[in-house]
file protein_27.txt (compact mmCIF, C-alpha atoms and all ligand atoms)
# COMPACT_ATOMS: atom_id res chain seq x y z
CA MET A 3 88.32 125.53 104.98
CA THR A 4 89.04 122.71 102.59
CA HIS A 5 92.20 120.67 102.75
CA THR A 6 93.73 118.15 100.40
CA PRO A 7 94.30 115.22 102.73
CA ILE A 8 97.96 114.45 103.40
CA PRO A 9 98.54 110.73 103.89
CA PHE A 10 100.90 109.30 106.48
CA VAL A 11 102.45 107.24 103.68
CA ASP A 12 101.46 106.95 100.00
CA LEU A 13 102.74 103.78 98.35
CA GLY A 14 100.74 104.52 95.18
CA ARG A 15 102.98 107.38 94.07
CA GLN A 16 106.02 105.17 94.22
CA TYR A 17 104.27 102.36 92.36
CA ARG A 18 103.20 104.64 89.53
CA ALA A 19 106.79 105.85 89.11
CA ILE A 20 108.25 102.32 88.73
CA ARG A 21 105.25 100.52 87.27
CA ASP A 22 106.86 99.44 83.98
CA GLU A 23 110.03 98.15 85.63
CA VAL A 24 108.03 96.22 88.22
CA HIS A 25 105.71 94.68 85.63
CA ALA A 26 108.64 93.50 83.51
CA ALA A 27 110.36 91.94 86.54
CA ILE A 28 107.14 90.21 87.67
CA ASP A 29 106.47 88.95 84.18
CA GLU A 30 109.88 87.32 84.05
CA VAL A 31 109.22 85.43 87.30
CA LEU A 32 105.82 84.30 86.02
CA SER A 33 107.24 83.26 82.64
CA ARG A 34 110.00 81.24 84.26
CA THR A 35 107.62 79.99 87.03
CA ALA A 36 110.30 80.65 89.65
CA PHE A 37 107.91 81.23 92.53
CA ILE A 38 109.87 80.13 95.60
CA ARG A 39 113.48 81.34 95.93
CA GLY A 40 114.87 80.82 92.38
CA PHE A 41 116.71 83.25 90.12
CA ALA A 42 115.00 86.42 91.35
CA ALA A 43 115.76 85.62 95.01
CA ASP A 44 119.37 84.75 94.17
CA ALA A 45 119.81 88.00 92.25
CA PHE A 46 118.24 90.14 94.96
CA GLN A 47 120.26 88.47 97.72
CA ASN A 48 123.48 89.20 95.82
CA ASP A 49 122.48 92.77 94.99
CA PHE A 50 121.42 93.55 98.56
CA ALA A 51 124.61 92.02 99.99
CA ARG A 52 126.67 94.21 97.65
CA TYR A 53 124.56 97.26 98.56
CA LEU A 54 125.07 96.68 102.28
CA GLY A 55 128.71 95.66 102.12
CA ALA A 56 127.89 92.27 103.66
CA LYS A 57 129.23 88.88 102.64
CA ARG A 58 125.87 87.09 102.58
CA VAL A 59 122.16 87.92 102.48
CA VAL A 60 119.47 85.26 102.90
CA GLY A 61 115.86 86.13 102.15
CA CYS A 62 112.89 84.86 104.16
CA ASN A 63 109.17 85.46 104.72
CA SER A 64 109.23 88.55 106.95
CA GLY A 65 111.28 90.68 109.28
CA THR A 66 109.81 88.80 112.21
CA ASP A 67 111.07 85.53 110.70
CA ALA A 68 114.46 87.11 110.02
CA LEU A 69 114.81 87.88 113.73
CA TRP A 70 113.57 84.42 114.75
CA LEU A 71 115.94 82.71 112.29
CA ALA A 72 118.85 84.79 113.60
CA VAL A 73 118.14 83.82 117.20
CA LYS A 74 117.73 80.12 116.28
CA ALA A 75 120.87 80.03 114.11
CA LEU A 76 122.92 81.45 116.98
CA GLY A 77 121.69 78.66 119.24
CA ILE A 78 119.90 81.03 121.61
CA GLY A 79 116.87 79.48 123.29
CA PRO A 80 115.32 78.41 126.60
CA GLY A 81 117.17 79.76 129.63
CA ASP A 82 118.91 82.48 127.62
CA GLU A 83 118.22 86.19 128.00
CA VAL A 84 118.29 88.77 125.21
CA LEU A 85 118.49 92.53 125.79
CA ILE A 86 115.85 94.42 123.79
CA PRO A 87 114.76 98.08 123.89
CA ALA A 88 111.35 98.62 125.50
CA ASN A 89 110.42 101.03 122.70
CA THR A 90 110.31 98.93 119.55
CA PHE A 91 107.74 97.14 117.44
CA PHE A 92 106.34 94.08 119.21
CA ALA A 93 107.95 91.71 116.66
CA THR A 94 111.44 92.22 118.13
CA PRO A 95 110.70 90.58 121.52
CA GLU A 96 108.06 88.32 119.98
CA ALA A 97 110.64 86.60 117.72
CA VAL A 98 112.96 86.10 120.69
CA ALA A 99 110.16 84.64 122.82
CA GLN A 100 109.07 82.33 119.96
CA ALA A 101 112.63 80.96 119.88
CA GLY A 102 112.18 80.09 123.58
CA ALA A 103 114.52 82.75 124.95
CA THR A 104 113.56 85.49 127.42
CA PRO A 105 113.39 89.14 126.34
CA VAL A 106 114.92 91.50 128.90
CA PHE A 107 113.61 94.98 128.27
CA VAL A 108 115.93 97.97 128.44
CA ASP A 109 115.05 101.65 128.73
CA CYS A 110 115.66 104.03 125.84
CA ASP A 111 117.75 107.16 125.49
CA ALA A 112 115.62 110.30 125.97
CA ALA A 113 117.13 112.12 122.98
CA THR A 114 117.42 109.38 120.35
CA PHE A 115 114.73 106.92 121.57
CA LEU A 116 117.30 104.18 120.88
CA ILE A 117 118.34 101.47 123.36
CA ASP A 118 120.13 102.99 126.39
CA LEU A 119 123.36 101.00 126.51
CA ALA A 120 124.22 102.07 130.07
CA ASP A 121 120.86 100.74 131.21
CA ALA A 122 121.41 97.58 129.12
CA GLU A 123 124.67 96.91 130.96
CA LYS A 124 122.84 97.08 134.32
CA ARG A 125 120.37 94.44 133.18
CA ILE A 126 123.01 91.87 132.18
CA THR A 127 122.96 88.58 134.15
CA PRO A 128 124.94 85.34 133.75
CA ARG A 129 122.14 84.19 131.42
CA THR A 130 122.41 87.14 129.01
CA LYS A 131 123.51 85.89 125.60
CA ALA A 132 122.66 88.61 123.11
CA ILE A 133 121.59 92.20 122.54
CA ILE A 134 119.29 93.40 119.79
CA PRO A 135 119.94 97.05 119.02
CA VAL A 136 116.94 98.32 117.03
CA HIS A 137 117.84 101.09 114.59
CA LEU A 138 114.53 102.67 115.40
CA TYR A 139 112.87 105.11 113.02
CA GLY A 140 115.88 104.74 110.69
CA GLN A 141 118.46 106.14 113.13
CA PRO A 142 121.46 103.83 113.58
CA CYS A 143 122.58 102.92 117.09
CA ASP A 144 126.15 103.70 118.19
CA MET A 145 127.72 100.51 116.87
CA ASP A 146 131.12 101.23 118.47
CA ALA A 147 129.47 101.33 121.89
CA VAL A 148 127.41 98.22 121.08
CA GLN A 149 130.55 96.31 120.08
CA ALA A 150 132.39 97.47 123.21
CA LEU A 151 129.50 96.26 125.39
CA CYS A 152 129.41 92.94 123.53
CA SER A 153 133.12 92.31 124.00
CA ARG A 154 133.06 93.31 127.69
CA HIS A 155 130.28 90.80 128.40
CA ARG A 156 130.80 88.23 125.63
CA LEU A 157 127.42 88.98 124.08
CA VAL A 158 126.41 88.42 120.49
CA CYS A 159 124.83 91.31 118.58
CA ILE A 160 121.76 90.81 116.37
CA ASP A 161 120.65 94.05 114.70
CA ASP A 162 117.02 94.81 114.03
CA ALA A 163 117.31 96.95 110.88
CA ALA A 164 113.64 96.60 109.89
CA GLN A 165 113.41 100.41 109.73
CA ALA A 166 116.96 101.17 108.64
CA HIS A 167 117.69 100.09 105.05
CA GLY A 168 120.63 102.21 103.91
CA ALA A 169 121.26 103.83 107.31
CA GLU A 170 124.96 104.31 108.05
CA TRP A 171 127.19 104.32 111.10
CA LYS A 172 130.49 106.15 110.43
CA GLY A 173 129.98 105.74 106.69
CA HIS A 174 129.18 102.01 106.80
CA ARG A 175 125.72 100.69 106.09
CA ILE A 176 123.91 98.95 108.93
CA GLY A 177 124.08 95.24 108.12
CA SER A 178 127.58 95.55 106.62
CA SER A 179 130.62 93.69 107.89
CA ALA A 180 132.11 96.92 109.25
CA CYS A 181 129.24 97.51 111.70
CA GLY A 182 130.05 94.29 113.52
CA ALA A 183 126.71 92.58 114.23
CA ALA A 184 126.72 88.77 113.92
CA ILE A 185 123.43 88.92 112.04
CA THR A 186 121.27 91.84 110.89
CA ALA A 187 117.54 91.37 110.31
CA PHE A 188 115.61 93.35 107.69
CA SER A 189 111.88 93.61 107.04
CA PHE A 190 110.47 94.33 103.58
CA TYR A 191 106.92 94.93 104.80
CA PRO A 192 105.34 97.20 102.15
CA GLY A 193 105.55 100.38 104.23
CA LYS A 194 109.23 99.99 105.12
CA ASN A 195 111.89 102.09 103.33
CA LEU A 196 112.55 99.11 101.06
CA GLY A 197 109.19 97.36 100.84
CA ALA A 198 107.90 94.36 98.90
CA TYR A 199 104.32 93.96 97.63
CA GLY A 200 103.52 91.54 100.43
CA ASP A 201 105.48 90.10 103.34
CA ALA A 202 109.21 89.50 102.96
CA GLY A 203 112.41 89.81 104.99
CA ALA A 204 116.12 88.95 104.99
CA ILE A 205 119.19 88.58 107.15
CA SER A 206 122.70 89.74 106.34
CA THR A 207 125.84 88.27 107.87
CA ASP A 208 129.54 87.85 107.27
CA ARG A 209 129.58 84.29 108.52
CA ASP A 210 128.98 81.55 105.96
CA ASP A 211 128.09 79.08 108.73
CA LEU A 212 125.26 81.32 109.92
CA ALA A 213 124.00 82.11 106.41
CA ASP A 214 123.98 78.40 105.53
CA ALA A 215 122.27 77.48 108.81
CA ILE A 216 119.55 80.06 108.09
CA LEU A 217 119.08 78.83 104.50
CA THR A 218 118.51 75.36 105.96
CA LEU A 219 116.36 76.42 108.92
CA ALA A 220 114.10 78.44 106.61
CA ASP A 221 113.57 75.41 104.35
CA HIS A 222 112.32 72.75 106.81
CA GLY A 223 115.81 72.07 108.08
CA GLN A 224 116.80 70.56 104.72
CA ALA A 225 120.40 71.01 103.64
CA ARG A 226 119.68 68.46 100.90
CA LYS A 227 116.28 67.52 99.51
CA TYR A 228 114.39 65.06 101.75
CA GLU A 229 117.16 65.14 104.33
CA HIS A 230 115.92 67.10 107.36
CA ALA A 231 118.94 67.65 109.56
CA VAL A 232 117.16 69.90 112.06
CA ILE A 233 113.62 70.99 112.84
CA GLY A 234 113.27 74.21 110.95
CA TRP A 235 110.37 76.12 109.48
CA ASN A 236 109.05 77.29 106.12
CA SER A 237 110.26 80.84 105.59
CA ARG A 238 111.56 81.15 102.04
CA LEU A 239 111.63 84.33 99.98
CA ASP A 240 109.02 84.42 97.19
CA GLY A 241 110.30 84.95 93.65
CA LEU A 242 107.71 87.66 92.99
CA GLN A 243 108.63 89.60 96.12
CA ALA A 244 112.32 89.26 95.30
CA ALA A 245 111.71 90.61 91.79
CA VAL A 246 109.89 93.66 93.19
CA LEU A 247 112.67 94.19 95.74
CA GLY A 248 115.33 93.94 93.05
CA VAL A 249 113.67 96.75 91.09
CA LYS A 250 113.13 98.89 94.18
CA LEU A 251 116.68 98.49 95.48
CA ARG A 252 117.90 100.48 92.47
CA HIS A 253 115.78 103.45 93.66
CA LEU A 254 116.33 103.17 97.40
CA ASP A 255 119.02 105.84 97.69
CA ALA A 256 116.93 108.36 95.74
CA TRP A 257 113.94 107.67 98.03
CA THR A 258 116.20 108.05 101.07
CA ASP A 259 117.28 111.44 99.72
CA GLY A 260 113.59 112.39 99.51
CA ARG A 261 113.06 111.38 103.12
CA ARG A 262 116.16 113.30 104.23
CA ARG A 263 114.98 116.42 102.40
CA ALA A 264 111.57 116.19 104.07
CA ALA A 265 113.18 115.67 107.51
CA ALA A 266 115.41 118.71 107.00
CA GLN A 267 112.38 120.78 106.02
CA TYR A 268 110.41 119.62 109.07
CA GLY A 269 113.42 120.56 111.20
CA GLU A 270 113.52 124.11 109.74
CA LEU A 271 109.79 124.79 109.83
CA LEU A 272 109.15 123.32 113.29
CA HIS A 273 112.27 124.70 114.97
CA GLY A 274 111.38 126.53 118.17
CA VAL A 275 107.67 125.61 118.18
CA ALA A 276 106.60 125.58 121.83
CA GLY A 277 105.48 122.20 123.12
CA LEU A 278 107.33 120.18 120.49
CA VAL A 279 110.64 118.32 120.76
CA LEU A 280 112.09 117.46 117.37
CA PRO A 281 114.13 114.40 116.45
CA SER A 282 117.72 114.82 115.31
CA GLU A 283 120.44 112.90 113.56
CA ALA A 284 123.10 111.63 115.96
CA PRO A 285 126.81 112.33 115.35
CA HIS A 286 128.42 109.76 112.98
CA ALA A 287 124.96 108.56 111.92
CA LYS A 288 123.18 108.69 108.59
CA HIS A 289 119.50 108.63 109.50
CA VAL A 290 117.15 107.28 106.81
CA TRP A 291 113.98 108.64 108.41
CA HIS A 292 111.67 105.66 108.19
CA LEU A 293 109.65 107.76 110.60
CA TYR A 294 109.79 111.41 111.64
CA VAL A 295 108.74 111.25 115.29
CA VAL A 296 108.20 114.39 117.35
CA GLN A 297 107.46 114.53 121.08
CA VAL A 298 104.33 116.42 122.00
CA GLN A 299 104.54 117.93 125.46
CA GLY A 300 101.21 118.62 127.12
CA ASN A 301 97.97 119.61 125.39
CA GLY A 302 96.61 116.07 125.61
CA GLY A 303 99.72 114.38 124.26
CA ALA A 304 100.17 112.69 120.91
CA ALA A 305 96.66 111.21 120.72
CA ALA A 306 94.88 114.56 121.09
CA VAL A 307 97.20 116.32 118.63
CA SER A 308 96.72 113.47 116.15
CA ASP A 309 92.93 113.99 116.37
CA ARG A 310 93.30 117.70 115.70
CA LEU A 311 95.64 116.99 112.76
CA ARG A 312 93.10 114.57 111.29
CA GLU A 313 90.45 117.30 111.42
CA ARG A 314 92.84 119.37 109.32
CA GLY A 315 93.33 116.53 106.84
CA VAL A 316 96.73 115.34 108.06
CA GLN A 317 97.28 111.71 108.96
CA SER A 318 99.76 110.78 111.69
CA GLY A 319 100.84 107.70 113.63
CA PHE A 320 102.15 106.49 117.01
CA HIS A 321 105.43 104.57 117.31
CA TYR A 322 104.85 103.17 119.80
CA PRO A 323 102.02 104.07 122.19
CA VAL A 324 102.68 101.16 124.57
CA PRO A 325 106.24 100.07 125.47
CA CYS A 326 106.72 96.32 124.91
CA HIS A 327 107.10 95.47 128.61
CA LYS A 328 103.64 97.00 129.23
CA GLN A 329 102.01 94.73 126.64
CA PRO A 330 99.72 92.06 128.14
CA ALA A 331 101.72 89.36 126.33
CA PHE A 332 104.81 90.25 128.38
CA ALA A 333 103.08 90.95 131.68
CA HIS A 334 104.54 87.72 133.10
CA LEU A 335 108.12 89.02 132.79
CA PRO A 336 109.53 90.74 135.90
CA THR A 337 110.62 93.92 134.10
CA PRO A 338 111.94 96.71 136.34
CA PRO A 339 110.68 100.17 135.32
CA CYS A 340 111.86 101.79 132.07
CA PRO A 341 111.05 105.37 133.08
CA VAL A 342 112.09 107.12 129.87
CA ALA A 343 110.20 104.73 127.59
CA GLU A 344 107.16 104.87 129.87
CA ARG A 345 107.19 108.66 130.07
CA GLN A 346 107.73 109.20 126.35
CA ALA A 347 105.28 106.66 124.93
CA ALA A 348 102.23 108.94 125.07
CA THR A 349 104.16 111.87 123.59
CA LEU A 350 105.45 110.20 120.41
CA LEU A 351 103.74 111.42 117.25
CA SER A 352 104.87 110.35 113.77
CA LEU A 353 104.33 112.87 110.96
CA PRO A 354 103.75 112.00 107.29
CA MET A 355 107.00 110.66 105.82
CA PHE A 356 107.78 108.91 102.54
CA GLY A 357 110.27 109.41 99.74
CA GLU A 358 107.81 111.18 97.42
CA ILE A 359 106.27 113.65 99.92
CA THR A 360 106.40 117.14 98.44
CA ALA A 361 107.76 120.32 99.99
CA ASP A 362 104.24 121.79 99.85
CA GLU A 363 102.87 118.85 101.78
CA VAL A 364 105.56 119.13 104.44
CA SER A 365 104.75 122.86 104.83
CA ALA A 366 101.05 122.11 105.10
CA VAL A 367 101.72 119.46 107.78
CA CYS A 368 103.79 122.00 109.73
CA GLU A 369 101.07 124.66 109.54
CA ALA A 370 98.48 122.13 110.74
CA LEU A 371 100.76 120.98 113.54
CA LYS A 372 101.50 124.51 114.76
CA ALA A 373 97.75 125.05 115.02
CA SER A 374 97.28 121.76 116.88
CA VAL A 375 99.91 121.70 119.64
C1 LIG B 1 108.38 95.95 110.83
C2 LIG B 1 109.27 95.60 111.97
C3 LIG B 1 109.53 94.26 112.30
C4 LIG B 1 108.81 93.11 111.70
O1 LIG B 1 108.87 93.02 110.34
P1 LIG B 1 107.73 92.21 109.52
O2 LIG B 1 108.31 92.11 108.15
O3 LIG B 1 106.49 93.03 109.58
O4 LIG B 1 107.57 90.88 110.16
C5 LIG B 1 110.46 94.02 113.31
N1 LIG B 1 111.06 95.03 113.97
C6 LIG B 1 110.81 96.32 113.69
C7 LIG B 1 111.53 97.38 114.44
C8 LIG B 1 109.89 96.65 112.69
O5 LIG B 1 109.63 97.94 112.43

call {"tool": "encode", "arguments": {"input": "protein_27.txt", "output": "structure tokens", "more": "lines below"}}
Ligand SMILES: *Cc1c(COP(=O)(O)O)cnc(C)c1O
result
Amino acid sequence: MTHTPIPFVDLGRQYRAIRDEVHAAIDEVLSRTAFIRGFAADAFQNDFARYLGAKRVVGCNSGTDALWLAVKALGIGPGDEVLIPANTFFATPEAVAQAGATPVFVDCDAATFLIDLADAEKRITPRTKAIIPVHLYGQPCDMDAVQALCSRHRLVCIDDAAQAHGAEWKGHRIGSSACGAAITAFSFYPGKNLGAYGDAGAISTDRDDLADAILTLADHGQARKYEHAVIGWNSRLDGLQAAVLGVKLRHLDAWTDGRRRAAAQYGELLHGVAGLVLPSEAPHAKHVWHLYVVQVQGNGGAAAVSDRLRERGVQSGFHYPVPCHKQPAFAHLPTPPCPVAERQAATLLSLPMFGEITADEVSAVCEALKASV
């Protein structure tokens, strides 16, 4: 049998579709030599703020930096604890630890894989200052429940929306004023739903004091040139990346529609397949399907099924095979068990997902998967 390989993600198709627009935008940055921040960054920040429904957006070097800047700007540091889901990308707790605070890992919900807020409440101590709900795979967390938890315990909410550009809770985009986080962090890593052509990130917030503090922190602590009020860092948005992002933002909703169509098709074709648990969209949520993650029960788990898919020409991924509290870097933290995250980790298998994936490709992935579980 011969198979046309099906990639996990194909950024080339998207590039070819927007090539002329991207080249024109890049050429303008080069012509005006606006390489660091500058007009393209200003324009993108305004456009993205309007898209989200947020008062301010500040660009930076990466999603990891966006999280770190958020934690620093809120004055969270040594001695403070921050609640973080055990199942997330390593950057979430890494940014918190780099700011000097202590990540406290929380188990995840068995159905949504998102942070389990009942478990989070049990792990609150007098040192707990913040919670970072991660809108994992593109599925928004229950922001009403997050806000209720924050007001009960006087916690500040920092969203990790690195996988959730355009995701909505009750009709409001994650990162908007209505969703209630103090600061939302976005990544524009190339493979994200809104991706640059290199590293880039941003925060959104409704508070001018926080936006201004982050602008300063991300530029060596300078509020004015040569006047370094605080010890900051260098994490400014590149003009070229901002220009690419400005072009891509205009297409984001169409690409999200493509992802949602593919997810719906996976749901139909894989419904009832023995040994598979499918992801679903939670009530009140608009899922943007950064990843389509199934649970593989038995038959060697996700790793074995991924091998069999590869033999059939289908790429897949694992998000994430090791919960953060089981990473060597966090072995020193006294984390009580997170049974759901620990049990699920080896079952999580991510299927090909991107805005341009075709219906034929989704069907072929499903056929290969049915033969592999
Ligand atoms: C990608 C990602 C990050 C980090 O973003 P970078 O831009 O790669 O630094 C943080 N959190 C989550 C959940 C991510 O998926």

call {"tool": "residues_near_ligand", "arguments": {"input": "protein_27.txt", "ligand": "ligand LIG 1 (chain B)", "cutoff": "6 Å", "atoms": "all atoms listed in the file", "output": "list in words"}}
result
Ser64, Gly65, Thr66, Thr90, Phe91, Ala93, Thr94, Asp162, Ala164, Gln165, Ser189, Phe190, Tyr191, Asp201, Ala202 and Gly203 of chain A

call {"tool": "closest_residue", "arguments": {"input": "protein_27.txt", "among": "A:Leu247, A:Ala184, A:Ile28, A:Leu196", "to": "Asn48 (chain A)", "atoms": "all atoms listed in the file"}}
result
A:Leu247

call {"tool": "atom_distance", "arguments": {"input": "protein_27.txt", "atom1": "CA of Asp121 (chain A)", "atom2": "CA of His155 (chain A)"}}
result
14.0 Å

call {"tool": "atom_distance", "arguments": {"input": "protein_27.txt", "atom1": "CA of Ala68 (chain A)", "atom2": "CA of Asp221 (chain A)"}}
result
13.0 Å

call {"tool": "residues_around", "arguments": {"input": "protein_27.txt", "residues": "Ala284 (chain A)", "least_positions_apart": "4", "cutoff": "12 Å", "atoms": "all atoms listed in the file", "output": "number ranges by chain"}}
result
A: 111, 113-116, 137, 140-144, 169-172, 288-290

call {"tool": "atom_distance", "arguments": {"input": "protein_27.txt", "atom1": "CA of Gln149 (chain A)", "atom2": "CA of Thr130 (chain A)"}}
result
15.2 Å

call {"tool": "residues_near_point", "arguments": {"input": "protein_27.txt", "point": "(111.6, 103.3, 103.1)", "cutoff": "12 Å", "atoms": "all atoms listed in the file", "output": "NGL selection string"}}
result
:A and (11-13 or 16 or 139-140 or 163-169 or 188-198 or 247 or 250-251 or 253-262 or 289-294 or 355-358)
